[in-house]
Amino acid sequence: MKPRQLSLQAFGPFAGKESVDFTLLGESPLFLINGPTGAGKSTLLDALCFALYGQTTGNDRSGTQMRCDRAAARDLTWVELTFTLGQQNYRIYRLPEQDRPKQKGDGWTTQASRVELYRLIGEGDEKLLGTKAGEVTSQIQELLGLTVDQFRQVMVLPQGKFRELLLASSRDREAIFSQLFQTRIYKQLENKLKAKADSIQREMQDHQQRIRGILESCNLHMEEEVEQELQALKPQHQELHDQKDAARKKHLQAAKELDQAQQLEVQFQNQTRLKAEYEQHLQQQAMIADKEKQLSQNTLARKIQPQRDEWQRLEKQQHRLQEQLHACQQQLEQVKQQKQQSHEHRQQAEAAEKNQLPALQKEQHRLQGFQEKVERLAAYQQAATEALQADQQAAVALEKLQKQEQQTREQQADLEKQLTDLDQQQEALAQVPLQLQHLDVQRQNRQQLDKLYQNQEQLTQEQQKARQQEQQAKEFWQYRQQQAQEAEYHWHLGQAAELARQLHPGQPCPVCGSQEHPAPAQPEGNLSLVSKEQVESARQEMDQARELLQGWQAECQRLEIQLQENQRAQQEFQEALQERAQQSLDELQAEFNHLQQQEKQRQDAQNKHQELKQLQRKGQQALDDLQTPLQAAQQASQQAHDQYLKEQTHLQQLEQELPAQWRTRQALQQALDSLYQQQEVLQQAREKAQLQDQESDRQMARLTQQENDLQEQQSKTTTELKTADEHWQQALQTTGFINLANWQAALLEESQVEIFTQQVNHWKEQKHQLQGKLDHLENLLADQKPPDLDTLKQQEAAAEQQLQEIQTAFQTVDQRWNQLQDTAKRLKKAHEDNQALEERYRVYGTLSEVASGASGSKVSLQRFVLGVLLDDVLALASRRLDHMSRGRYALVRSQETGGRGASGLDLQVHDAYSGKRRDVATLSGGESFMAALSLALGLSEVVQAYAGGIRLDTLFIDEGFGSLDTETLDLAIATLMELQTGGRMIGVISHVSELKEQLTQRIDVLTDMRGSRLQLQP
């Protein structure tokens, strides 16, 4: 993992927004983070760790406590990190929970924490991976392969914590290395082997209980009793089995005979019933014959139906033609009357057109002669009107310009007076900006001081609560410790009692070997036995209580440090405020508000002065610009008046040549239109009368032809009707019908025909079926007699009762027989299973003991693998430590074993001067720094060499160089430079002056009263 860009705001001592672009330092830089004490060098590592995991490097302060006190109230605290992992780029943004001003109104509100993780895709595109704190932290751990504690130990060596990896216990070092080298599979193998062995052992321990349970299920106490009872029960079981088979056969025979007799009885009953049904069915024969006759008559009647339909059709046609002929004759008479009227109208219209048209055309010609003069008159009127309008507009424009000149001169005088007043106001408020700026700084400092007072009270309350919780946690831990000790004591007593319970006279004791047991151990009182699981549970609860106590102790220590820091900050602000520290914030705010109002008045006056000056210049320019258009307007007004008088003279001359009623276009055109309309009315009346007369002629001709056609059709239909009547009478005689009424009575509806046909067919079919069934039963029962059912039922009931009695006796014996056989099989299977479990436990138990380190060297399988990997790490680390210590020290792995398998990864240092090994904790501060640095660098190389999916491309070292002499410092820097060439990014945090000369690439942390800021020296 390599950081690309780190941005933060209002974080730690950084009041504003700061950003560091690590790419400007190169791909694999070795750079210095430099700055005075307290400026915020270590805060950069806090920001890096907080962005990834939501925790600082030392975990002394939460994200909420990293809020900068000197930041503006509206600026939120946040951190954003862009980093590269392999070929992928990621961006993570974290914002801790904090107080901020409300967006509307006064007061404060709580801003909830927020986190966003993105994977960068292409140019400007990114994919959101998570927004929940726990989810994002888990994804970061999965991507980097490190927890936050492991990240602090192998990639970031915080101030005062660079020795933690070096001095970590074997157990803690196992957790770190197993994550880095991905050796969880070996631990999983240990756990699975142990779980398998424990499971087999529990099954073996349950064997005797299983045997007792099997015997108790059949009310026996010894396994030998099962076989004995089976042998005694065998003859009785066989005898009852044979009796049961004989009784079943006898019952089956009786039941068979009864069933056959019942079937024969049913057949005799069916024969009697069918005879009665057949006699009843024959009673309907006469009715069926009548319906067959009706169906036959209907068939004959339907056969001559077409001749009757044809006669009816022709008769209807004859009536229809008679009605049409009568209607046609009536229409023809009406058309003749209309013809006489249309001829008279035509003669009248032609005479009216001939008499009136010449006079109308003469008047039209006279009025058309006035059109040219009317057009000229309209043109002169339009010219006179336009000339009058131009004269009036010129006069209005001239008057407007004169008024505008007067208003502009008055405005200029008023502006000059306002400018004089504003100059005096600006001079009185000239010192307000400097006073306001100085007071604003003091007001903000006073606000921060009040926050510190509030924080001190809150921290004091939290400290009191934490101390109470610490005391409660201590009492709870002592209580859990006593419970665990009591549980372990009772467990030991219970084990002794359990062994004593299994002792039998004459059998050797598994502990001492004695065959006599005069005083076996007894359970203590009425207490139940304590299991091993209860003891382990009590121990775990004691450990959880201890962890809870340690957590509250750490919380008390953290709150004490924060209180001291709060008091130090209060003193600094009090010194900066001096006598204003005694003033209330309301007084300072009131004074500040008053100065703000004065500053606003000064700025408003200044802005107003500039506006008025601009208006004054524009007004003078407007006066100068008005002179030319004013002179032009005066000249244009005189010319327009002269043109109006000229056009008015022409108009009066032409009006004398035209009559008064024809002087307008509208009046003349209306007279001409009236003449045109009168001529058109005369022509339309003539044409309409001619068309009506012609239409009357056409209708008379059409109706005359229609009358002739209808008379011809009527004659033809009369002849056809006579012929059809003759055919119909002949058909009646042929089919035997006397007359029309007799024929109509024979006709049936289609629904009646269908019903009669179905009834006849159904009756015949049913008759055949009944006859067939009777014939079949008579043949079947020819030699049979009715059976004696009562006697047969008594015989079957007696056989059934005897069978039930024998079955009841057999079931009792058979149930016990099967139970004993099943018990024998289960006992055999239990012994076979237990033997197989013993064989499996010899394999899994041995493997579990070896893998978990419970035997032999007391080193677990995972610790053995990690030990081999640690040897590789120490080989590389010792080479660097040998170089930096000038051949004196080398790191080695301790070979001592013991305890509960918690060894195998302990470290020692080999001192070449004494030739002996000793604990790494005996190294001095500078020596510890060199050893820790060598271990971190060696670990980085081995992890990447094994390609376990974790890349340690970055290393940050916070302090420690101040404990080195000049020569050793040069060796350490040379080592880091050598490591840099291998493609790693290395950042060193230090205020040692010699490092500035050797490390030219720097990130300088600058600080002043407003807060810290960053400056990159690439």
# chains A, B, ... in the order shown; residues from 1 in each chain; ligands from 1
$ residues_around --residues "segment 114-128 of chain A" --least-positions-apart "6" --cutoff "9 Å" --atoms "only C-alpha atoms" --output "PyMOL selection string"
chain A and resi 51+54+88-97+136+139-140
$ write_last_selection --atoms "all heavy atoms" --output "tab-separated table (two decimals), in the first residue's frame"
chain	number	residue	atom	x	y	z
A	51	ALA	N	-7.96	7.76	8.62
A	51	ALA	CA	-8.64	7.60	7.34
A	51	ALA	C	-8.89	6.14	7.03
A	51	ALA	O	-9.96	5.76	6.54
A	51	ALA	CB	-7.82	8.26	6.23
A	54	GLY	N	-10.28	4.58	11.18
A	54	GLY	CA	-11.14	5.33	12.09
A	54	GLY	C	-10.54	5.47	13.48
A	54	GLY	O	-11.23	5.84	14.43
A	88	GLN	N	-4.51	-1.30	-8.29
A	88	GLN	CA	-5.76	-0.60	-8.05
A	88	GLN	C	-5.53	0.65	-7.22
A	88	GLN	O	-4.66	0.68	-6.34
A	88	GLN	CB	-6.76	-1.52	-7.32
A	88	GLN	CG	-7.24	-2.70	-8.16
A	88	GLN	CD	-8.18	-2.27	-9.27
A	88	GLN	OE1	-8.73	-1.17	-9.25
A	88	GLN	NE2	-8.37	-3.14	-10.25
A	89	ASN	N	-6.34	1.68	-7.50
A	89	ASN	CA	-6.31	2.91	-6.72
A	89	ASN	C	-7.63	3.03	-5.95
A	89	ASN	O	-8.70	2.70	-6.47
A	89	ASN	CB	-6.14	4.14	-7.63
A	89	ASN	CG	-4.77	4.17	-8.29
A	89	ASN	OD1	-3.78	3.79	-7.68
A	89	ASN	ND2	-4.71	4.61	-9.53
A	90	TYR	N	-7.53	3.53	-4.72
A	90	TYR	CA	-8.69	3.66	-3.84
A	90	TYR	C	-8.72	5.06	-3.22
A	90	TYR	O	-7.67	5.73	-3.10
A	90	TYR	CB	-8.66	2.61	-2.72
A	90	TYR	CG	-8.70	1.18	-3.20
A	90	TYR	CD1	-7.53	0.50	-3.53
A	90	TYR	CD2	-9.91	0.51	-3.35
A	90	TYR	CE1	-7.57	-0.82	-3.99
A	90	TYR	CE2	-9.96	-0.80	-3.80
A	90	TYR	CZ	-8.78	-1.45	-4.13
A	90	TYR	OH	-8.84	-2.74	-4.57
A	91	ARG	N	-9.91	5.47	-2.81
A	91	ARG	CA	-10.08	6.75	-2.10
A	91	ARG	C	-11.02	6.51	-0.93
A	91	ARG	O	-12.09	5.90	-1.10
A	91	ARG	CB	-10.67	7.83	-3.02
A	91	ARG	CG	-10.88	9.17	-2.32
A	91	ARG	CD	-11.29	10.25	-3.30
A	91	ARG	NE	-12.63	10.02	-3.78
A	91	ARG	CZ	-13.74	10.43	-3.17
A	91	ARG	NH1	-13.64	11.09	-2.02
A	91	ARG	NH2	-14.94	10.20	-3.68
A	92	ILE	N	-10.61	6.96	0.26
A	92	ILE	CA	-11.43	6.81	1.46
A	92	ILE	C	-11.59	8.17	2.12
A	92	ILE	O	-10.64	8.96	2.19
A	92	ILE	CB	-10.83	5.77	2.44
A	92	ILE	CG1	-11.79	5.52	3.60
A	92	ILE	CG2	-9.45	6.19	2.91
A	92	ILE	CD1	-11.39	4.33	4.46
A	93	TYR	N	-12.81	8.43	2.58
A	93	TYR	CA	-13.15	9.72	3.21
A	93	TYR	C	-13.83	9.42	4.55
A	93	TYR	O	-14.75	8.61	4.61
A	93	TYR	CB	-14.10	10.50	2.29
A	93	TYR	CG	-14.69	11.75	2.90
A	93	TYR	CD1	-14.03	12.98	2.82
A	93	TYR	CD2	-15.92	11.72	3.57
A	93	TYR	CE1	-14.59	14.12	3.37
A	93	TYR	CE2	-16.46	12.85	4.13
A	93	TYR	CZ	-15.80	14.06	4.03
A	93	TYR	OH	-16.34	15.18	4.58
A	94	ARG	N	-13.32	10.07	5.62
A	94	ARG	CA	-13.92	9.89	6.95
A	94	ARG	C	-14.19	11.25	7.57
A	94	ARG	O	-13.35	12.15	7.51
A	94	ARG	CB	-13.00	9.09	7.87
A	94	ARG	CG	-13.03	7.59	7.64
A	94	ARG	CD	-12.29	6.84	8.73
A	94	ARG	NE	-12.08	5.46	8.40
A	94	ARG	CZ	-12.89	4.47	8.74
A	94	ARG	NH1	-13.98	4.75	9.44
A	94	ARG	NH2	-12.63	3.21	8.40
A	95	LEU	N	-15.37	11.34	8.19
A	95	LEU	CA	-15.78	12.53	8.91
A	95	LEU	C	-16.28	12.07	10.28
A	95	LEU	O	-17.27	11.34	10.35
A	95	LEU	CB	-16.87	13.27	8.13
A	95	LEU	CG	-17.41	14.58	8.73
A	95	LEU	CD1	-17.73	15.56	7.61
A	95	LEU	CD2	-18.66	14.35	9.55
A	96	PRO	N	-15.59	12.45	11.39
A	96	PRO	CA	-16.01	11.97	12.71
A	96	PRO	C	-17.24	12.73	13.21
A	96	PRO	O	-17.61	13.78	12.67
A	96	PRO	CB	-14.79	12.25	13.59
A	96	PRO	CG	-14.16	13.44	12.95
A	96	PRO	CD	-14.37	13.29	11.47
A	97	GLU	N	-17.89	12.19	14.21
A	97	GLU	CA	-19.02	12.87	14.84
A	97	GLU	C	-18.53	14.14	15.51
A	97	GLU	O	-17.50	14.15	16.19
A	97	GLU	CB	-19.67	11.94	15.86
A	97	GLU	CG	-20.89	12.55	16.52
A	97	GLU	CD	-21.53	11.61	17.52
A	97	GLU	OE1	-22.06	10.57	17.08
A	97	GLU	OE2	-21.48	11.90	18.73
A	136	VAL	N	-16.75	-0.68	6.06
A	136	VAL	CA	-15.57	-0.12	5.40
A	136	VAL	C	-14.29	-0.56	6.12
A	136	VAL	O	-13.29	-0.92	5.48
A	136	VAL	CB	-15.67	1.42	5.36
A	136	VAL	CG1	-14.36	2.04	4.91
A	136	VAL	CG2	-16.79	1.83	4.43
A	139	GLN	N	-13.46	-4.00	5.09
A	139	GLN	CA	-12.92	-4.03	3.73
A	139	GLN	C	-11.46	-3.58	3.71
A	139	GLN	O	-10.65	-4.16	2.98
A	139	GLN	CB	-13.76	-3.16	2.81
A	139	GLN	CG	-15.16	-3.70	2.56
A	139	GLN	CD	-15.90	-2.90	1.50
A	139	GLN	OE1	-15.43	-2.75	0.37
A	139	GLN	NE2	-17.07	-2.40	1.86
A	140	ILE	N	-11.13	-2.55	4.49
A	140	ILE	CA	-9.74	-2.08	4.55
A	140	ILE	C	-8.85	-3.18	5.13
A	140	ILE	O	-7.74	-3.44	4.62
A	140	ILE	CB	-9.65	-0.80	5.41
A	140	ILE	CG1	-10.30	0.38	4.66
A	140	ILE	CG2	-8.21	-0.47	5.75
A	140	ILE	CD1	-9.56	0.78	3.39
$ residues_around --residues "segment 748-761 of chain A" --least-positions-apart "5" --cutoff "8 Å" --atoms "only C-alpha atoms" --output "VMD selection string"
chain A and resid 288 291 to 292 295 298
$ write_last_selection --atoms "C-alpha atoms" --output "PDB file, in the first residue's frame"
ATOM      1  CA  ILE A 288     -94.681 -44.378 -27.869  1.00  0.00           C
ATOM      2  CA  LYS A 291     -95.620 -40.345 -30.961  1.00  0.00           C
ATOM      3  CA  GLU A 292     -94.175 -42.388 -33.829  1.00  0.00           C
ATOM      4  CA  LEU A 295     -93.516 -37.981 -36.365  1.00  0.00           C
ATOM      5  CA  ASN A 298     -94.881 -34.342 -39.708  1.00  0.00           C
TER       6      ASN A 298
END
$ atom_distance --atom1 "atom CA of Asn34 of chain A" --atom2 "atom CA of His883 of chain A"
26.3 Å
$ residues_around --residues "Asp414 of chain A" --least-positions-apart "6" --cutoff "12 Å" --atoms "only C-alpha atoms" --output "NGL selection string"
:A and (407-408 or 420-421 or 612-613 or 615-616 or 619)
$ residues_around --residues "Asp697 of chain A" --least-positions-apart "6" --cutoff "12 Å" --atoms "only C-alpha atoms" --output "list in words"
Leu332, Val335, Lys336, Gln337, Gln338, Lys339, Gln340, Ser342, His343, Gln690, Leu691, Leu703 and Thr704 of chain A
$ residues_around --residues "Gln317 of chain A" --least-positions-apart "3" --cutoff "12 Å" --atoms "only C-alpha atoms" --output "PyMOL selection string"
chain A and resi 310-314+320-324+710+713-718+720-721
$ write_last_selection --atoms "N, CA, C and O atoms" --output "mmCIF file, in the first residue's frame"
data_model
loop_
_atom_site.group_PDB
_atom_site.id
_atom_site.type_symbol
_atom_site.label_atom_id
_atom_site.label_comp_id
_atom_site.auth_asym_id
_atom_site.auth_seq_id
_atom_site.Cartn_x
_atom_site.Cartn_y
_atom_site.Cartn_z
ATOM 1 N N GLU A 310 -93.897 -21.193 -51.677
ATOM 2 C CA GLU A 310 -93.857 -20.477 -52.958
ATOM 3 C C GLU A 310 -95.170 -19.729 -53.184
ATOM 4 O O GLU A 310 -95.165 -18.580 -53.650
ATOM 5 N N TRP A 311 -96.327 -20.344 -52.876
ATOM 6 C CA TRP A 311 -97.634 -19.668 -53.046
ATOM 7 C C TRP A 311 -97.722 -18.429 -52.163
ATOM 8 O O TRP A 311 -98.178 -17.374 -52.608
ATOM 9 N N GLN A 312 -97.249 -18.543 -50.914
ATOM 10 C CA GLN A 312 -97.290 -17.402 -49.996
ATOM 11 C C GLN A 312 -96.374 -16.276 -50.465
ATOM 12 O O GLN A 312 -96.699 -15.088 -50.339
ATOM 13 N N ARG A 313 -95.224 -16.665 -51.023
ATOM 14 C CA ARG A 313 -94.310 -15.616 -51.517
ATOM 15 C C ARG A 313 -94.934 -14.820 -52.644
ATOM 16 O O ARG A 313 -94.862 -13.582 -52.692
ATOM 17 N N LEU A 314 -95.575 -15.513 -53.620
ATOM 18 C CA LEU A 314 -96.162 -14.819 -54.763
ATOM 19 C C LEU A 314 -97.348 -13.965 -54.341
ATOM 20 O O LEU A 314 -97.561 -12.867 -54.878
ATOM 21 N N ARG A 320 -97.586 -6.283 -52.683
ATOM 22 C CA ARG A 320 -96.545 -5.237 -52.669
ATOM 23 C C ARG A 320 -96.555 -4.450 -53.967
ATOM 24 O O ARG A 320 -96.446 -3.211 -53.968
ATOM 25 N N LEU A 321 -96.728 -5.120 -55.134
ATOM 26 C CA LEU A 321 -96.759 -4.416 -56.435
ATOM 27 C C LEU A 321 -97.983 -3.513 -56.540
ATOM 28 O O LEU A 321 -97.907 -2.414 -57.111
ATOM 29 N N GLN A 322 -99.123 -3.945 -56.015
ATOM 30 C CA GLN A 322 -100.337 -3.140 -56.055
ATOM 31 C C GLN A 322 -100.132 -1.838 -55.269
ATOM 32 O O GLN A 322 -100.520 -0.764 -55.724
ATOM 33 N N GLU A 323 -99.467 -1.942 -54.090
ATOM 34 C CA GLU A 323 -99.214 -0.748 -53.279
ATOM 35 C C GLU A 323 -98.240 0.193 -53.975
ATOM 36 O O GLU A 323 -98.411 1.416 -53.960
ATOM 37 N N GLN A 324 -97.187 -0.342 -54.604
ATOM 38 C CA GLN A 324 -96.204 0.503 -55.308
ATOM 39 C C GLN A 324 -96.852 1.245 -56.491
ATOM 40 O O GLN A 324 -96.534 2.420 -56.747
ATOM 41 N N LEU A 710 -94.452 -1.171 -63.389
ATOM 42 C CA LEU A 710 -95.178 -1.814 -62.300
ATOM 43 C C LEU A 710 -96.418 -2.542 -62.815
ATOM 44 O O LEU A 710 -96.770 -3.629 -62.335
ATOM 45 N N GLN A 713 -95.250 -5.888 -64.283
ATOM 46 C CA GLN A 713 -94.856 -6.852 -63.247
ATOM 47 C C GLN A 713 -96.092 -7.428 -62.555
ATOM 48 O O GLN A 713 -96.148 -8.610 -62.194
ATOM 49 N N GLN A 714 -97.126 -6.594 -62.356
ATOM 50 C CA GLN A 714 -98.333 -7.062 -61.673
ATOM 51 C C GLN A 714 -99.047 -8.125 -62.508
ATOM 52 O O GLN A 714 -99.518 -9.136 -61.971
ATOM 53 N N SER A 715 -99.090 -7.951 -63.800
ATOM 54 C CA SER A 715 -99.737 -8.911 -64.691
ATOM 55 C C SER A 715 -99.008 -10.247 -64.657
ATOM 56 O O SER A 715 -99.613 -11.322 -64.589
ATOM 57 N N LYS A 716 -97.666 -10.196 -64.651
ATOM 58 C CA LYS A 716 -96.855 -11.415 -64.638
ATOM 59 C C LYS A 716 -97.033 -12.176 -63.316
ATOM 60 O O LYS A 716 -97.158 -13.407 -63.285
ATOM 61 N N THR A 717 -97.027 -11.454 -62.169
ATOM 62 C CA THR A 717 -97.168 -12.099 -60.865
ATOM 63 C C THR A 717 -98.529 -12.751 -60.710
ATOM 64 O O THR A 717 -98.659 -13.817 -60.087
ATOM 65 N N THR A 718 -99.599 -12.192 -61.287
ATOM 66 C CA THR A 718 -100.947 -12.776 -61.204
ATOM 67 C C THR A 718 -100.965 -14.143 -61.867
ATOM 68 O O THR A 718 -101.540 -15.115 -61.344
ATOM 69 N N GLU A 720 -98.351 -16.201 -62.299
ATOM 70 C CA GLU A 720 -97.529 -17.128 -61.510
ATOM 71 C C GLU A 720 -98.269 -17.583 -60.256
ATOM 72 O O GLU A 720 -98.148 -18.747 -59.827
ATOM 73 N N LEU A 721 -99.035 -16.707 -59.610
ATOM 74 C CA LEU A 721 -99.787 -17.052 -58.403
ATOM 75 C C LEU A 721 -100.844 -18.103 -58.704
ATOM 76 O O LEU A 721 -101.078 -19.035 -57.927
#
$ closest_residue --among "A:Arg467, A:His910, A:His251, A:Arg302" --to "Gln801 of chain A" --atoms "only C-alpha atoms"
A:His251
$ residues_around --residues "Ile806 of chain A" --least-positions-apart "5" --cutoff "9 Å" --atoms "only C-alpha atoms" --output "PyMOL selection string"
chain A and resi 240-241+243-244+247+801+811
$ residues_around --residues "Leu595 of chain A" --least-positions-apart "5" --cutoff "12 Å" --atoms "only C-alpha atoms" --output "list in words"
Leu429, Ala430, Gln431, Val432, Pro433, Leu434, Gln435, Leu436, Gln437, His438, Leu439, Asp440, Leu588, Gln589, Ala590, Lys600, Gln601 and Arg602 of chain A
$ write_last_selection --atoms "all heavy atoms" --output "compact mmCIF listing (two decimals), in the first residue's frame"
# COMPACT_ATOMS: atom_id res chain seq x y z
N LEU A 429 -15.16 57.52 10.61
CA LEU A 429 -15.12 56.06 10.81
C LEU A 429 -13.87 55.42 10.21
O LEU A 429 -13.84 54.20 9.97
CB LEU A 429 -16.35 55.41 10.18
CG LEU A 429 -17.70 55.84 10.72
CD1 LEU A 429 -18.85 55.23 9.92
CD2 LEU A 429 -17.84 55.45 12.19
N ALA A 430 -12.81 56.13 10.00
CA ALA A 430 -11.62 55.62 9.31
C ALA A 430 -10.92 54.52 10.10
O ALA A 430 -10.30 53.61 9.53
CB ALA A 430 -10.66 56.77 9.00
N GLN A 431 -10.91 54.52 11.46
CA GLN A 431 -10.16 53.57 12.29
C GLN A 431 -10.95 52.30 12.64
O GLN A 431 -10.43 51.41 13.31
CB GLN A 431 -9.73 54.26 13.59
CG GLN A 431 -8.83 55.45 13.39
CD GLN A 431 -7.53 55.09 12.68
OE1 GLN A 431 -6.95 54.05 12.97
NE2 GLN A 431 -7.09 55.96 11.77
N VAL A 432 -12.20 52.20 12.21
CA VAL A 432 -13.04 51.07 12.59
C VAL A 432 -12.52 49.72 12.07
O VAL A 432 -12.52 48.73 12.81
CB VAL A 432 -14.49 51.31 12.13
CG1 VAL A 432 -15.33 50.05 12.29
CG2 VAL A 432 -15.11 52.44 12.93
N PRO A 433 -12.02 49.53 10.84
CA PRO A 433 -11.58 48.20 10.36
C PRO A 433 -10.50 47.58 11.23
O PRO A 433 -10.58 46.39 11.55
CB PRO A 433 -11.07 48.48 8.94
CG PRO A 433 -11.83 49.69 8.51
CD PRO A 433 -11.96 50.54 9.73
N LEU A 434 -9.49 48.39 11.63
CA LEU A 434 -8.42 47.81 12.45
C LEU A 434 -8.95 47.40 13.82
O LEU A 434 -8.60 46.32 14.35
CB LEU A 434 -7.29 48.84 12.61
CG LEU A 434 -6.51 49.16 11.32
CD1 LEU A 434 -5.48 50.24 11.59
CD2 LEU A 434 -5.83 47.91 10.79
N GLN A 435 -9.83 48.21 14.40
CA GLN A 435 -10.42 47.87 15.71
C GLN A 435 -11.25 46.58 15.60
O GLN A 435 -11.19 45.71 16.49
CB GLN A 435 -11.30 49.03 16.19
CG GLN A 435 -10.53 50.31 16.47
CD GLN A 435 -11.46 51.47 16.80
OE1 GLN A 435 -12.68 51.31 16.83
NE2 GLN A 435 -10.90 52.66 17.06
N LEU A 436 -12.00 46.43 14.53
CA LEU A 436 -12.86 45.25 14.35
C LEU A 436 -12.03 43.99 14.18
O LEU A 436 -12.33 42.95 14.77
CB LEU A 436 -13.76 45.46 13.13
CG LEU A 436 -14.76 44.32 12.83
CD1 LEU A 436 -15.73 44.18 13.98
CD2 LEU A 436 -15.51 44.61 11.54
N GLN A 437 -10.94 44.06 13.41
CA GLN A 437 -10.09 42.87 13.19
C GLN A 437 -9.45 42.42 14.50
O GLN A 437 -9.42 41.21 14.81
CB GLN A 437 -9.01 43.19 12.15
CG GLN A 437 -8.11 42.02 11.82
CD GLN A 437 -7.09 42.37 10.75
OE1 GLN A 437 -6.99 43.51 10.32
NE2 GLN A 437 -6.31 41.39 10.34
N HIS A 438 -8.93 43.37 15.29
CA HIS A 438 -8.30 43.03 16.56
C HIS A 438 -9.32 42.42 17.53
O HIS A 438 -9.05 41.41 18.20
CB HIS A 438 -7.66 44.28 17.15
CG HIS A 438 -7.00 44.03 18.50
ND1 HIS A 438 -5.87 43.26 18.63
CD2 HIS A 438 -7.35 44.44 19.75
CE1 HIS A 438 -5.53 43.20 19.91
NE2 HIS A 438 -6.41 43.91 20.60
N LEU A 439 -10.52 42.98 17.59
CA LEU A 439 -11.54 42.49 18.51
C LEU A 439 -12.06 41.12 18.07
O LEU A 439 -12.40 40.29 18.92
CB LEU A 439 -12.70 43.50 18.58
CG LEU A 439 -13.81 43.15 19.60
CD1 LEU A 439 -13.23 43.06 21.00
CD2 LEU A 439 -14.92 44.20 19.56
N ASP A 440 -12.11 40.84 16.76
CA ASP A 440 -12.58 39.55 16.27
C ASP A 440 -11.66 38.42 16.73
O ASP A 440 -12.11 37.35 17.15
CB ASP A 440 -12.66 39.56 14.74
CG ASP A 440 -13.28 38.29 14.19
OD1 ASP A 440 -14.13 37.71 14.89
OD2 ASP A 440 -12.88 37.86 13.10
N LEU A 588 -18.09 41.10 25.03
CA LEU A 588 -17.24 41.16 23.83
C LEU A 588 -18.08 41.10 22.56
O LEU A 588 -17.81 41.82 21.59
CB LEU A 588 -16.24 40.00 23.83
CG LEU A 588 -15.06 40.12 24.81
CD1 LEU A 588 -14.24 38.85 24.79
CD2 LEU A 588 -14.18 41.30 24.44
N GLN A 589 -19.12 40.27 22.58
CA GLN A 589 -19.97 40.14 21.40
C GLN A 589 -20.73 41.44 21.14
O GLN A 589 -20.88 41.86 19.99
CB GLN A 589 -20.94 38.98 21.60
CG GLN A 589 -21.79 38.65 20.38
CD GLN A 589 -20.97 38.17 19.21
OE1 GLN A 589 -20.06 37.37 19.39
NE2 GLN A 589 -21.25 38.68 18.02
N ALA A 590 -21.20 42.09 22.21
CA ALA A 590 -21.92 43.35 22.04
C ALA A 590 -21.00 44.42 21.44
O ALA A 590 -21.39 45.16 20.53
CB ALA A 590 -22.47 43.81 23.39
N LYS A 600 -20.04 48.51 8.86
CA LYS A 600 -21.02 48.45 7.78
C LYS A 600 -21.42 49.86 7.33
O LYS A 600 -21.56 50.14 6.14
CB LYS A 600 -22.26 47.68 8.25
CG LYS A 600 -23.30 47.45 7.16
CD LYS A 600 -24.44 46.61 7.69
CE LYS A 600 -25.45 46.28 6.57
NZ LYS A 600 -25.97 47.47 5.91
N GLN A 601 -21.56 50.77 8.32
CA GLN A 601 -21.89 52.16 7.97
C GLN A 601 -20.76 52.78 7.13
O GLN A 601 -21.01 53.48 6.15
CB GLN A 601 -22.12 52.97 9.23
CG GLN A 601 -23.36 52.55 10.02
CD GLN A 601 -23.48 53.29 11.34
OE1 GLN A 601 -22.62 54.13 11.68
NE2 GLN A 601 -24.53 52.98 12.11
N ARG A 602 -19.49 52.49 7.53
CA ARG A 602 -18.35 53.06 6.79
C ARG A 602 -18.30 52.50 5.36
O ARG A 602 -18.11 53.27 4.39
CB ARG A 602 -17.05 52.71 7.51
CG ARG A 602 -15.80 53.39 6.91
CD ARG A 602 -14.54 52.82 7.50
NE ARG A 602 -14.37 51.43 7.07
CZ ARG A 602 -13.87 51.08 5.90
NH1 ARG A 602 -13.52 52.01 5.02
NH2 ARG A 602 -13.74 49.81 5.59
$ atom_distance --atom1 "atom CA of Ala359 of chain A" --atom2 "atom CA of Glu375 of chain A"
26.0 Å
$ select_by_dssp --residues "segment 505-734 of chain A" --states "helix (DSSP H, G or I)" --output "ChimeraX atom specification"
/A:532-582,585-655,660-662,665-734
$ closest_residue --among "A:Gln862, A:Gln606, A:Gln678, A:Thr846" --to "Glu363 of chain A" --atoms "only C-alpha atoms"
A:Gln678
$ closest_residue --among "A:Gly369, A:Gly86, A:Pro659, A:Gly987" --to "Leu30 of chain A" --atoms "only C-alpha atoms"
A:Gly987
$ atom_distance --atom1 "atom CA of Ala255 of chain A" --atom2 "atom CA of Gln804 of chain A"
14.5 Å
$ select_by_dssp --residues "segment 724-901 of chain A" --states "strand (DSSP E)" --output "MDAnalysis selection string"
chainID A and resid 889:893
$ closest_residue --among "A:Glu216, A:Gln341, A:Leu76, A:Glu386" --to "Glu647 of chain A" --atoms "only C-alpha atoms"
A:Glu386
